[in-house]
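J.: Pasting structure_25.cif below, which is mmCIF, C-alpha atoms.
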```cif
data_protein
#
loop_
_atom_site.label_atom_id
_atom_site.label_comp_id
_atom_site.auth_asym_id
_atom_site.auth_seq_id
_atom_site.Cartn_x
_atom_site.Cartn_y
_atom_site.Cartn_z
CA ARG A 1 -27.05 -4.31 -1.00
CA LYS A 2 -30.78 -4.38 -0.27
CA VAL A 3 -30.11 -5.69 3.22
CA MET A 4 -27.58 -2.92 3.91
CA ASP A 5 -29.97 -0.30 2.53
CA LYS A 6 -32.70 -1.51 4.88
CA ILE A 7 -30.29 -1.46 7.82
CA ASP A 8 -29.25 2.10 6.87
CA ALA A 9 -32.90 3.15 6.72
CA PHE A 10 -33.64 1.61 10.12
CA LEU A 11 -30.62 3.25 11.76
CA HIS A 12 -31.63 6.56 10.22
CA THR A 13 -35.05 6.33 11.86
CA ILE A 14 -33.43 5.97 15.30
CA ASN A 15 -30.88 8.71 14.54
CA PHE A 16 -27.92 6.35 14.76
CA PRO A 17 -25.15 7.09 12.20
CA SER A 18 -24.78 3.90 10.15
CA PHE A 19 -21.34 4.99 8.93
CA TYR A 20 -19.68 4.34 12.30
CA LEU A 21 -21.31 0.91 12.55
CA LYS A 22 -20.01 0.06 9.07
CA VAL A 23 -16.51 1.19 9.99
CA ILE A 24 -16.47 -1.04 13.07
CA LEU A 25 -18.06 -4.03 11.34
CA SER A 26 -15.84 -3.77 8.25
CA PHE A 27 -12.74 -3.74 10.44
CA ILE A 28 -13.86 -6.67 12.60
CA THR A 29 -15.15 -8.71 9.64
CA SER A 30 -11.96 -8.41 7.60
CA LEU A 31 -9.78 -9.09 10.65
CA LEU A 32 -11.69 -12.25 11.55
CA ILE A 33 -11.79 -13.54 7.96
CA THR A 34 -8.03 -13.14 7.64
CA TYR A 35 -7.31 -14.55 11.09
CA TYR A 36 -9.38 -17.70 10.60
CA SER A 37 -8.52 -18.36 6.94
CA ILE A 38 -4.72 -18.24 7.25
CA PRO A 39 -4.35 -21.49 9.31
CA ALA A 40 -6.08 -23.40 6.49
CA ILE A 41 -3.78 -21.75 3.92
CA ILE A 42 -0.70 -22.68 5.99
CA LYS A 43 -1.91 -26.28 6.28
CA ILE A 44 -2.50 -26.61 2.53
CA SER A 45 0.78 -24.88 1.71
CA ARG A 46 2.75 -27.32 3.85
CA ARG A 47 0.88 -30.34 2.50
CA LYS A 48 1.38 -29.30 -1.16
CA ASN A 49 4.86 -27.80 -0.56
CA LEU A 50 3.72 -24.36 -1.71
CA MET A 51 6.51 -22.59 0.14
CA ASP A 52 8.89 -19.69 -0.37
CA GLU A 53 12.40 -21.03 -0.91
CA PRO A 54 15.34 -19.02 0.53
CA GLY A 55 17.09 -17.14 -2.29
CA GLN A 56 19.52 -14.34 -3.05
CA ARG A 57 17.21 -11.59 -1.82
CA SER A 58 15.68 -13.61 1.02
CA SER A 59 16.15 -12.68 4.66
CA HIS A 60 14.96 -16.08 5.90
CA GLU A 61 16.82 -19.39 5.97
CA ARG A 62 14.03 -21.93 5.73
CA LYS A 63 10.86 -22.64 3.75
CA ILE A 64 7.89 -20.46 4.70
CA PRO A 65 4.32 -20.55 3.30
CA ASN A 66 3.87 -17.50 1.04
CA LEU A 67 0.19 -17.46 0.11
CA GLY A 68 -0.99 -15.09 2.84
CA GLY A 69 -2.10 -12.67 0.13
CA ILE A 70 -5.03 -14.95 -0.63
CA ALA A 71 -6.43 -14.34 2.86
CA LEU A 72 -5.89 -10.58 2.47
CA PHE A 73 -7.76 -10.54 -0.85
CA PHE A 74 -10.55 -12.74 0.50
CA ALA A 75 -11.11 -10.53 3.56
CA ILE A 76 -10.95 -7.24 1.65
CA SER A 77 -13.22 -8.34 -1.19
CA VAL A 78 -15.90 -9.79 1.11
CA SER A 79 -15.91 -6.99 3.68
CA ALA A 80 -15.67 -4.09 1.20
CA SER A 81 -18.40 -5.50 -1.03
CA ILE A 82 -20.76 -5.64 1.97
CA TYR A 83 -20.00 -2.40 3.77
CA ALA A 84 -18.65 -0.18 0.98
CA TYR A 85 -20.44 -1.51 -2.10
CA GLN A 86 -20.79 2.05 -3.40
CA LEU A 87 -17.13 1.89 -4.36
CA PHE A 88 -17.78 -0.85 -6.88
CA ASP A 89 -20.56 1.24 -8.45
CA LEU A 90 -18.35 4.31 -8.66
CA TYR A 91 -15.19 2.44 -9.74
CA LYS A 92 -16.63 -0.34 -11.88
CA PHE A 93 -13.30 -1.97 -12.77
CA LEU A 94 -11.86 -2.01 -9.26
CA PHE A 95 -12.97 -5.49 -8.29
CA ALA A 96 -12.10 -6.97 -11.69
CA SER A 97 -8.60 -5.50 -11.39
CA LEU A 98 -8.13 -7.07 -7.95
CA VAL A 99 -9.27 -10.48 -9.22
CA ILE A 100 -6.72 -10.35 -12.07
CA LEU A 101 -3.97 -9.36 -9.61
CA LEU A 102 -5.00 -12.26 -7.36
CA TYR A 103 -4.63 -14.72 -10.25
CA ILE A 104 -1.26 -13.31 -11.38
CA GLY A 105 0.03 -13.15 -7.79
CA VAL A 106 -0.93 -16.74 -6.95
CA MET A 107 0.61 -17.99 -10.20
CA ASP A 108 3.83 -16.13 -9.44
CA ASP A 109 3.94 -17.36 -5.84
CA ILE A 110 3.50 -20.96 -6.96
CA VAL A 111 5.38 -21.30 -10.27
CA VAL A 112 7.27 -17.94 -10.55
CA MET A 113 6.05 -16.11 -13.66
CA ARG A 114 8.32 -14.31 -16.07
CA ALA A 115 8.72 -10.62 -15.33
CA TYR A 116 7.28 -9.45 -18.65
CA LYS A 117 4.06 -11.42 -18.08
CA LYS A 118 3.58 -9.77 -14.69
CA LEU A 119 4.30 -6.38 -16.25
CA VAL A 120 1.70 -6.93 -18.99
CA ALA A 121 -0.89 -7.92 -16.38
CA GLN A 122 -0.07 -4.83 -14.29
CA ILE A 123 -0.43 -2.59 -17.34
CA VAL A 124 -3.81 -4.14 -18.13
CA VAL A 125 -5.27 -3.77 -14.62
CA SER A 126 -3.86 -0.24 -14.27
CA ALA A 127 -5.36 0.78 -17.62
CA MET A 128 -8.71 -0.75 -16.61
CA LEU A 129 -8.88 1.43 -13.52
CA VAL A 130 -7.34 4.58 -15.03
CA ILE A 131 -9.34 4.56 -18.28
CA GLY A 132 -12.39 2.50 -17.31
CA SER A 133 -12.97 4.03 -13.87
CA ASP A 134 -11.29 7.41 -14.52
CA VAL A 135 -8.95 7.11 -11.53
CA ARG A 136 -6.27 9.53 -12.71
CA ILE A 137 -3.70 12.04 -11.54
CA ARG A 138 -5.17 15.13 -13.18
CA ASN A 139 -3.13 17.91 -11.64
CA PHE A 140 0.39 18.41 -10.25
CA PHE A 141 -0.66 21.49 -8.22
CA GLY A 142 2.44 23.37 -9.42
CA VAL A 143 5.03 20.66 -8.67
CA PHE A 144 7.86 21.19 -11.22
CA GLY A 145 5.80 24.09 -12.54
CA VAL A 146 3.10 21.72 -13.84
CA TYR A 147 -0.59 22.16 -13.12
CA GLU A 148 -3.44 20.49 -15.01
CA LEU A 149 -2.47 17.58 -17.28
CA ASN A 150 -4.18 16.88 -20.59
CA TYR A 151 -6.11 13.60 -20.78
CA PHE A 152 -3.47 11.59 -22.64
CA LEU A 153 -0.60 12.60 -20.35
CA SER A 154 -2.79 12.06 -17.30
CA VAL A 155 -3.64 8.51 -18.40
CA VAL A 156 -0.04 7.58 -19.26
CA PHE A 157 1.42 9.07 -16.08
CA SER A 158 -1.26 7.44 -13.90
CA ILE A 159 -0.66 3.97 -15.42
CA ILE A 160 3.10 4.34 -14.92
CA THR A 161 2.49 5.46 -11.32
CA PHE A 162 0.40 2.35 -10.63
CA ILE A 163 3.06 0.05 -12.07
CA ILE A 164 5.96 1.70 -10.24
CA LEU A 165 4.26 1.81 -6.84
CA VAL A 166 2.90 -1.75 -7.06
CA ASN A 167 6.40 -3.08 -7.72
CA ALA A 168 8.00 -0.70 -5.21
CA PHE A 169 5.68 -1.97 -2.48
CA ASN A 170 6.64 -5.51 -3.42
CA LEU A 171 10.33 -4.65 -2.92
CA ILE A 172 9.89 -3.55 0.70
CA ASP A 173 8.32 -6.91 1.56
CA GLY A 174 11.67 -8.37 2.59
CA ILE A 175 11.52 -8.80 6.37
CA ASP A 176 8.84 -9.82 8.83
CA GLY A 177 6.17 -7.20 9.40
CA LEU A 178 7.59 -4.38 7.25
CA ALA A 179 5.20 -4.33 4.28
CA GLY A 180 2.20 -5.14 6.47
CA SER A 181 3.01 -2.54 9.15
CA TYR A 182 3.78 0.12 6.57
CA GLY A 183 0.55 -0.63 4.69
CA LEU A 184 -1.37 -0.46 7.97
CA ILE A 185 -0.04 3.04 8.70
CA CYS A 186 -0.55 4.30 5.14
CA PHE A 187 -4.17 3.17 4.96
CA GLY A 188 -4.74 4.58 8.43
CA LEU A 189 -3.43 8.00 7.35
CA PHE A 190 -5.46 8.02 4.15
CA GLY A 191 -8.55 6.83 6.04
CA ILE A 192 -8.28 9.67 8.56
CA SER A 193 -7.84 12.15 5.71
CA TYR A 194 -10.94 10.84 3.91
CA TYR A 195 -12.95 11.05 7.11
CA ARG A 196 -11.97 14.67 7.71
CA LEU A 197 -12.94 15.62 4.16
CA GLY A 198 -16.64 14.80 4.42
CA GLU A 199 -19.22 12.05 4.05
CA TYR A 200 -18.82 11.96 0.26
CA ASN A 201 -15.59 10.04 0.95
CA TYR A 202 -16.99 7.68 3.60
CA PRO A 203 -16.86 4.57 1.34
CA LEU A 204 -13.11 5.16 1.01
CA VAL A 205 -12.86 5.41 4.80
CA ILE A 206 -14.59 2.02 5.09
CA LEU A 207 -12.28 0.54 2.46
CA SER A 208 -9.30 1.80 4.46
CA THR A 209 -10.55 0.27 7.72
CA THR A 210 -11.34 -2.97 5.90
CA ILE A 211 -7.78 -3.23 4.62
CA MET A 212 -6.40 -2.31 8.04
CA GLY A 213 -8.38 -5.11 9.68
CA SER A 214 -7.13 -7.66 7.16
CA ILE A 215 -3.51 -6.54 7.63
CA ILE A 216 -3.73 -6.84 11.42
CA GLY A 217 -5.10 -10.38 11.03
CA PHE A 218 -2.19 -11.18 8.71
CA LEU A 219 0.47 -9.62 10.96
CA PHE A 220 -0.56 -11.89 13.83
CA TYR A 221 0.90 -14.78 11.81
CA ASN A 222 3.61 -12.92 9.90
CA LEU A 223 5.22 -11.83 13.19
CA SER A 224 4.62 -15.12 15.01
CA ASP A 225 6.80 -18.17 15.63
CA ARG A 226 7.94 -20.78 13.15
CA THR A 227 4.87 -23.01 13.11
CA LYS A 228 2.40 -20.21 12.32
CA LYS A 229 4.54 -17.89 10.18
CA ILE A 230 3.36 -16.95 6.69
CA PHE A 231 4.35 -14.37 4.08
CA MET A 232 1.94 -12.29 2.01
CA GLY A 233 3.84 -13.19 -1.17
CA ASP A 234 3.48 -11.39 -4.49
CA THR A 235 -0.28 -11.85 -4.21
CA GLY A 236 -0.52 -9.75 -1.07
CA SER A 237 2.09 -7.17 -2.04
CA MET A 238 0.50 -6.55 -5.46
CA VAL A 239 -3.04 -6.31 -4.08
CA LEU A 240 -1.99 -3.98 -1.23
CA GLY A 241 0.32 -1.95 -3.47
CA PHE A 242 -2.44 -1.54 -6.05
CA LEU A 243 -5.01 -0.48 -3.45
CA LEU A 244 -2.50 1.88 -1.84
CA THR A 245 -1.87 3.59 -5.18
CA PHE A 246 -5.63 3.75 -5.78
CA THR A 247 -6.26 5.43 -2.42
CA ALA A 248 -3.34 7.85 -2.96
CA ILE A 249 -4.66 8.98 -6.35
CA CYS A 250 -8.18 9.34 -4.92
CA PHE A 251 -6.67 11.43 -2.11
CA ILE A 252 -5.03 13.83 -4.58
CA ASP A 253 -8.21 13.99 -6.67
CA ILE A 254 -10.27 15.08 -3.66
CA PHE A 255 -8.56 18.47 -3.68
CA ILE A 256 -9.63 19.25 -7.23
CA ALA A 257 -12.80 21.35 -6.92
CA LYS A 258 -15.90 19.21 -6.41
CA ARG A 259 -19.43 20.19 -5.60
CA GLY A 260 -22.22 17.97 -4.39
CA PRO A 261 -24.08 16.70 -1.32
CA GLY A 262 -21.77 15.87 1.55
CA VAL A 263 -18.68 17.36 -0.12
CA VAL A 264 -16.39 19.45 2.04
CA TYR A 265 -14.18 21.33 -0.40
CA TYR A 266 -10.78 22.22 0.97
CA HIS A 267 -7.99 22.97 -1.47
CA LEU A 268 -4.64 21.71 -0.22
CA ASN A 269 -2.00 22.78 -2.70
CA SER A 270 0.52 20.29 -1.34
CA ALA A 271 -1.77 17.24 -1.75
CA PRO A 272 0.56 15.46 -4.23
CA VAL A 273 3.56 16.04 -1.95
CA ILE A 274 1.64 14.75 1.08
CA ALA A 275 0.78 11.61 -0.92
CA VAL A 276 4.48 11.20 -1.82
CA ALA A 277 5.40 11.62 1.86
CA ILE A 278 2.97 8.87 2.89
CA LEU A 279 4.39 6.56 0.19
CA ILE A 280 7.99 7.68 0.75
CA LEU A 281 9.42 4.34 1.94
CA PRO A 282 8.75 2.24 -1.21
CA ILE A 283 9.63 5.23 -3.43
CA ILE A 284 13.00 5.90 -1.77
CA ASP A 285 13.86 2.24 -1.33
CA THR A 286 13.33 1.58 -5.05
CA LEU A 287 15.26 4.68 -6.14
CA ASN A 288 18.06 3.79 -3.73
CA VAL A 289 18.64 0.27 -5.08
CA ILE A 290 18.40 1.45 -8.70
CA ILE A 291 21.03 4.15 -8.07
CA ILE A 292 23.36 1.63 -6.39
CA ARG A 293 22.99 -0.91 -9.21
CA LEU A 294 23.58 1.69 -11.92
CA ALA A 295 26.61 3.06 -10.04
CA GLU A 296 28.03 -0.49 -9.94
CA LYS A 297 27.23 -0.89 -13.67
CA ARG A 298 24.70 -3.64 -13.06
CA SER A 299 21.18 -4.08 -14.36
CA PRO A 300 18.63 -2.07 -12.32
CA PHE A 301 16.46 -5.21 -12.28
CA GLU A 302 19.13 -7.47 -10.79
CA ALA A 303 18.27 -8.81 -7.34
CA ASP A 304 20.58 -7.90 -4.46
CA LYS A 305 20.61 -7.08 -0.75
CA ASN A 306 20.95 -3.29 -0.89
CA HIS A 307 17.44 -2.51 0.33
CA ILE A 308 17.06 -0.44 3.49
CA HIS A 309 15.90 -3.42 5.54
CA HIS A 310 18.92 -5.46 4.41
CA LYS A 311 21.24 -2.70 5.66
CA LEU A 312 19.62 -2.76 9.10
CA LEU A 313 19.91 -6.55 9.25
CA ARG A 314 23.64 -6.23 8.52
CA MET A 315 23.86 -3.98 11.57
CA GLY A 316 22.71 -6.95 13.64
CA LEU A 317 19.11 -5.90 14.18
CA SER A 318 16.28 -8.42 14.32
CA HIS A 319 13.44 -8.30 11.79
CA LYS A 320 11.04 -6.77 14.28
CA ARG A 321 13.47 -4.12 15.47
CA ALA A 322 14.48 -3.21 11.91
CA THR A 323 10.80 -2.88 11.00
CA PHE A 324 10.18 -0.64 14.02
CA TYR A 325 13.09 1.69 13.16
CA ILE A 326 12.12 1.98 9.49
CA ILE A 327 8.45 2.64 10.23
CA SER A 328 9.31 5.19 12.94
CA TYR A 329 11.67 7.17 10.73
CA TYR A 330 9.39 7.35 7.71
CA LEU A 331 6.41 8.18 9.92
CA PHE A 332 8.52 11.11 11.13
CA ILE A 333 8.81 12.24 7.49
CA VAL A 334 5.03 12.17 7.14
CA LEU A 335 4.70 14.36 10.24
CA VAL A 336 7.23 16.82 8.82
CA ALA A 337 5.25 16.99 5.56
CA TYR A 338 1.98 17.53 7.44
CA PHE A 339 3.25 20.37 9.64
CA LEU A 340 4.97 22.07 6.69
CA ARG A 341 2.13 21.40 4.23
CA HIS A 342 1.53 25.09 3.52
CA ILE A 343 5.04 25.92 2.28
CA GLU A 344 5.93 26.02 -1.43
CA ASN A 345 5.38 22.65 -3.10
CA ASN A 346 8.76 22.13 -4.73
CA SER A 347 10.61 23.10 -1.55
CA LEU A 348 8.51 20.67 0.49
CA LEU A 349 9.05 17.88 -2.05
CA LEU A 350 12.81 18.47 -2.03
CA LEU A 351 12.83 18.32 1.78
CA ILE A 352 10.80 15.09 1.82
CA ILE A 353 13.00 13.39 -0.78
CA GLY A 354 16.14 14.57 1.05
CA LEU A 355 14.94 13.18 4.38
CA GLY A 356 13.97 9.96 2.62
CA PHE A 357 17.45 9.42 1.19
CA LEU A 358 19.01 10.39 4.53
CA GLY A 359 17.08 7.54 6.12
CA ALA A 360 18.25 5.18 3.36
CA TYR A 361 21.94 6.00 3.88
CA LEU A 362 22.02 6.40 7.68
CA PRO A 363 22.51 2.62 8.15
CA ASP A 364 25.55 2.77 5.82
CA ILE A 365 27.08 5.59 7.86
CA VAL A 366 26.44 3.83 11.17
CA LEU A 367 27.78 0.52 9.84
CA LYS A 368 30.99 2.12 8.53
CA LYS A 369 31.63 3.78 11.89
CA LYS A 370 30.93 0.49 13.64
CA ILE A 371 33.43 -1.36 11.42
CA LYS A 372 36.02 1.41 11.84
CA ASN A 373 35.75 1.32 15.61
#
```
Since I need it in another form, could you write the structure as C-alpha cells?
T.:
Amino acid sequence: RKVMDKIDAFLHTINFPSFYLKVILSFITSLLITYYSIPAIIKISRRKNLMDEPGQRSSHERKIPNLGGIALFFAISVSASIYAYQLFDLYKFLFASLVILLYIGVMDDIVVMRAYKKLVAQIVVSAMLVIGSDVRIRNFFGVFGVYELNYFLSVVFSIITFIILVNAFNLIDGIDGLAGSYGLICFGLFGISYYRLGEYNYPLVILSTTIMGSIIGFLFYNLSDRTKKIFMGDTGSMVLGFLLTFTAICFIDIFIAKRGPGVVYYHLNSAPVIAVAILILPIIDTLNVIIIRLAEKRSPFEADKNHIHHKLLRMGLSHKRATFYIISYYLFIVLVAYFLRHIENNSLLLLIIGLGFLGAYLPDIVLKKKIKN
C-alpha cells in the first residue's frame, strides 16, 4: 500500500492520472498470473488424477482438469489487493469471504461435498459481506410497488440473492466458454457503469478489469484443444458468481443518494432492473430448469440436461457456437434494457423476463420444427 501511495503521489506531481495506469496494470497482471499458473495446475491435476469425470449433466466425454478456479482466485486476489486495496478497507469481509469460497470450492471439486455443507458455507460468506460489510439491497426503486426495505428484510433478501445467484452462475457452467464469456461481459458492463459514475467508484472499476483479465487468461485454456483444456470447476463458478453478485448490489446501491468527494450522483430509477438484465442468463436458466422439473413432478434439485446450453447442443451446435448464440441473445436483452431504461420499472422488468424466457424456449421451438420436417 505504501508503495502504491508513493507511486500515486509521484504520478500526481507530473499530472498523470494514476487510475488509468492501475486499470491497465491490473488487467495485465491478472491475465498473466492466470495464463502462467494454469499449466502447472493442469500438470498437477493430471498427475494426481484431480479430474472432472463425465456425468449425467456433463457435456464432455472424457476426464478434464477442473481446478481452473484456483488460478482465477489467485490472479484476482493478488492483482486487486495491489491496485484496488481500498476495496478491502471499505469491504472488510470481502477477502475473507473469497478465501472461504476457495476452500469450499476446491474441496467440492476434489471430493464432492454434500449440498447442505456448501449451502451453509454460502450462507456464512454471504452474511459476512451483507452484515459485516453492509453490502445490501436497500431499495427496490418501486419494483412490485416496493421502495426502501427495513434493515432485517434487506439483510435476509440480500443473503438469499447471493446464494441464488452464486448457484445460478454455477449452473450455466456447462459448456466450454459460456460461464467465462458471460462473466467477462457482465464485469465489463458493470466496470463501464462504475467508470461513468465518478472516481468514487474507481476501485470497483479496477476490480472489474482485474476479473476480466483473469477470465481472458482462463478462456485461452478453456477454449483450447484437448491437451490444454481446463474447467473453472465449482471453485471458479462460486468465486465469480459471488463477485458478480457483489458488483451488482454495489451497482444498485450507487443510485441511492450519496454525497462526498468524487461522487457523481445520478438517480436511475431502473437500476435494479438493469442489474437483472445484466444477470438475466443465470436467472432465466435456473428458473427454466426448476419450472421443467416441477412440471414433470421431479425434485427441483435433480440434475438433468434441460439447461439452455444443453438444448443448443441437441440442435447439433458445437460448444463454441452455442456459447456465441447464447451470449449474443442475452447481450441483446441488456441493450433493450439500456435503451428503455427510463420507462416504468415493472413494465421494463416484465419485458426483460419475457425476452429471457423467449430465448430459453426458442431452441425447443426450432428443434421441434427440425424434427417435424
J.: Please provide as number ranges by chain all residues within 8 Å of stretch 231-244 of chain A, with the sequence filter that same-chain residues fewer than 2 positions apart are discarded (counting all atoms listed in the file).
T.: A: 64-70, 72-73, 98, 101-106, 108-109, 162, 165-170, 173, 176, 179, 183, 186-187, 218, 222, 229, 246-248
J.: Got a sec to resolve the PyMOL selection byres ((chain A and resi 96) around 12) on this structure and send the residues as an NGL selection string?
T.: :A and (77 or 88 or 91-95 or 97-103 or 124-129 or 132-133 or 239)
J.: I need the chosen residues saved as a JSON list (two decimals), in the coordinates of the input, with C-alpha atoms.
T.:
```json
[["chain", "number", "residue", "atom", "x", "y", "z"],
["A", 77, "SER", "CA", -13.22, -8.34, -1.19],
["A", 88, "PHE", "CA", -17.78, -0.85, -6.88],
["A", 91, "TYR", "CA", -15.19, 2.44, -9.74],
["A", 92, "LYS", "CA", -16.63, -0.34, -11.88],
["A", 93, "PHE", "CA", -13.30, -1.97, -12.77],
["A", 94, "LEU", "CA", -11.86, -2.01, -9.26],
["A", 95, "PHE", "CA", -12.97, -5.49, -8.29],
["A", 97, "SER", "CA", -8.60, -5.50, -11.39],
["A", 98, "LEU", "CA", -8.13, -7.07, -7.95],
["A", 99, "VAL", "CA", -9.27, -10.48, -9.22],
["A", 100, "ILE", "CA", -6.72, -10.35, -12.07],
["A", 101, "LEU", "CA", -3.97, -9.36, -9.61],
["A", 102, "LEU", "CA", -5.00, -12.26, -7.36],
["A", 103, "TYR", "CA", -4.63, -14.72, -10.25],
["A", 124, "VAL", "CA", -3.81, -4.14, -18.13],
["A", 125, "VAL", "CA", -5.27, -3.77, -14.62],
["A", 126, "SER", "CA", -3.86, -0.24, -14.27],
["A", 127, "ALA", "CA", -5.36, 0.78, -17.62],
["A", 128, "MET", "CA", -8.71, -0.75, -16.61],
["A", 129, "LEU", "CA", -8.88, 1.43, -13.52],
["A", 132, "GLY", "CA", -12.39, 2.50, -17.31],
["A", 133, "SER", "CA", -12.97, 4.03, -13.87],
["A", 239, "VAL", "CA", -3.04, -6.31, -4.08]]
```
J.: Just the residues within 12 Å of A:Phe357, please, counting all atoms listed in the file, with nothing from its chain fewer than 3 positions along; format it as a PDB file with C-alpha atoms, in the coordinates of the input.
T.:
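Resulting contents of selection-v1.pdb:
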```
ATOM      1  CA  ILE A 280       7.990   7.680   0.750  1.00  0.00           C
ATOM      2  CA  LEU A 281       9.420   4.340   1.940  1.00  0.00           C
ATOM      3  CA  PRO A 282       8.750   2.240  -1.210  1.00  0.00           C
ATOM      4  CA  ILE A 283       9.630   5.230  -3.430  1.00  0.00           C
ATOM      5  CA  ILE A 284      13.000   5.900  -1.770  1.00  0.00           C
ATOM      6  CA  ASP A 285      13.860   2.240  -1.330  1.00  0.00           C
ATOM      7  CA  THR A 286      13.330   1.580  -5.050  1.00  0.00           C
ATOM      8  CA  LEU A 287      15.260   4.680  -6.140  1.00  0.00           C
ATOM      9  CA  ASN A 288      18.060   3.790  -3.730  1.00  0.00           C
ATOM     10  CA  VAL A 289      18.640   0.270  -5.080  1.00  0.00           C
ATOM     11  CA  ILE A 291      21.030   4.150  -8.070  1.00  0.00           C
ATOM     12  CA  HIS A 307      17.440  -2.510   0.330  1.00  0.00           C
ATOM     13  CA  ILE A 308      17.060  -0.440   3.490  1.00  0.00           C
ATOM     14  CA  TYR A 329      11.670   7.170  10.730  1.00  0.00           C
ATOM     15  CA  TYR A 330       9.390   7.350   7.710  1.00  0.00           C
ATOM     16  CA  ILE A 333       8.810  12.240   7.490  1.00  0.00           C
ATOM     17  CA  LEU A 350      12.810  18.470  -2.030  1.00  0.00           C
ATOM     18  CA  LEU A 351      12.830  18.320   1.780  1.00  0.00           C
ATOM     19  CA  ILE A 352      10.800  15.090   1.820  1.00  0.00           C
ATOM     20  CA  ILE A 353      13.000  13.390  -0.780  1.00  0.00           C
ATOM     21  CA  GLY A 354      16.140  14.570   1.050  1.00  0.00           C
ATOM     22  CA  ALA A 360      18.250   5.180   3.360  1.00  0.00           C
ATOM     23  CA  TYR A 361      21.940   6.000   3.880  1.00  0.00           C
ATOM     24  CA  LEU A 362      22.020   6.400   7.680  1.00  0.00           C
ATOM     25  CA  PRO A 363      22.510   2.620   8.150  1.00  0.00           C
ATOM     26  CA  ASP A 364      25.550   2.770   5.820  1.00  0.00           C
TER      27      ASP A 364
END
```
J.: Using all atoms listed in the file, find the one residue out of A:Val276, A:Val366, A:Ile343, A:Ala121 that sits nearest to A:Met315.
T.: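 Result for the nearest residue to A:Met315: A:Val366.
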J.: In Å, how far is it from atom CA of A:Leu340 to atom CA of A:Val273?
T.: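 Separation between atom CA of A:Leu340 and atom CA of A:Val273: 10.6 Å.
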J.: Can you translate the PyMOL selection byres ((chain A and resi 83) around 9) into the concrete residues it hits in this file, as a ChimeraX atom specification?
T.: /A:1,4,22-23,25-26,78-82,84-86,203,206-207,210
J.: Tell me which residues the PyMOL selection byres ((chain A and resi 149) around 6) grabs here, as a list of chain:residue names.
T.: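 With the PyMOL selection byres ((chain A and resi 149) around 6) on this model, the match is A:Arg138, A:Asn139, A:Glu148, A:Asn150, A:Ser154.
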J.: When you draw a straight line from atom CA of A:Gln122 to atom CA of A:Thr161, how long is it in Å?
T.: 11.0 Å
J.: If I put a ball of radius 10 Å at (-10.2, -19.7, 5.7) in the file's coordinates, which residues poke into it when counting all atoms listed in the file, written as a list in words?
T.: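 Collected hits near the coordinates: Leu32, Ile33, Thr34, Tyr35, Tyr36, Ser37, Ile38, Pro39, Ala40, Ile41, Ile42, Ile70, Ala71, Phe74 and Ala75 of chain A.
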J.: Can you tell me how far atom CA of A:Asp253 sits from atom CA of A:Arg136, in Å to one decimal?
T.: 7.8 Å
J.: Find the residue from A:Val155, A:Met113, A:Ile254, A:Ala322 that sits nearest to A:Ile175; use all atoms listed in the file when measuring.
T.: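 That would be A:Ala322, the residue with the smallest distance to A:Ile175.
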J.: Quick one: residues within 9 Å of A:Val336, only C-alpha atoms counted, chain neighbours fewer than 5 positions away excluded, as a list of chain:residue names?
T.: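 Counting only C-alpha atoms, the residues come to A:Ala277, A:Leu331, A:Arg341, A:Ile352.
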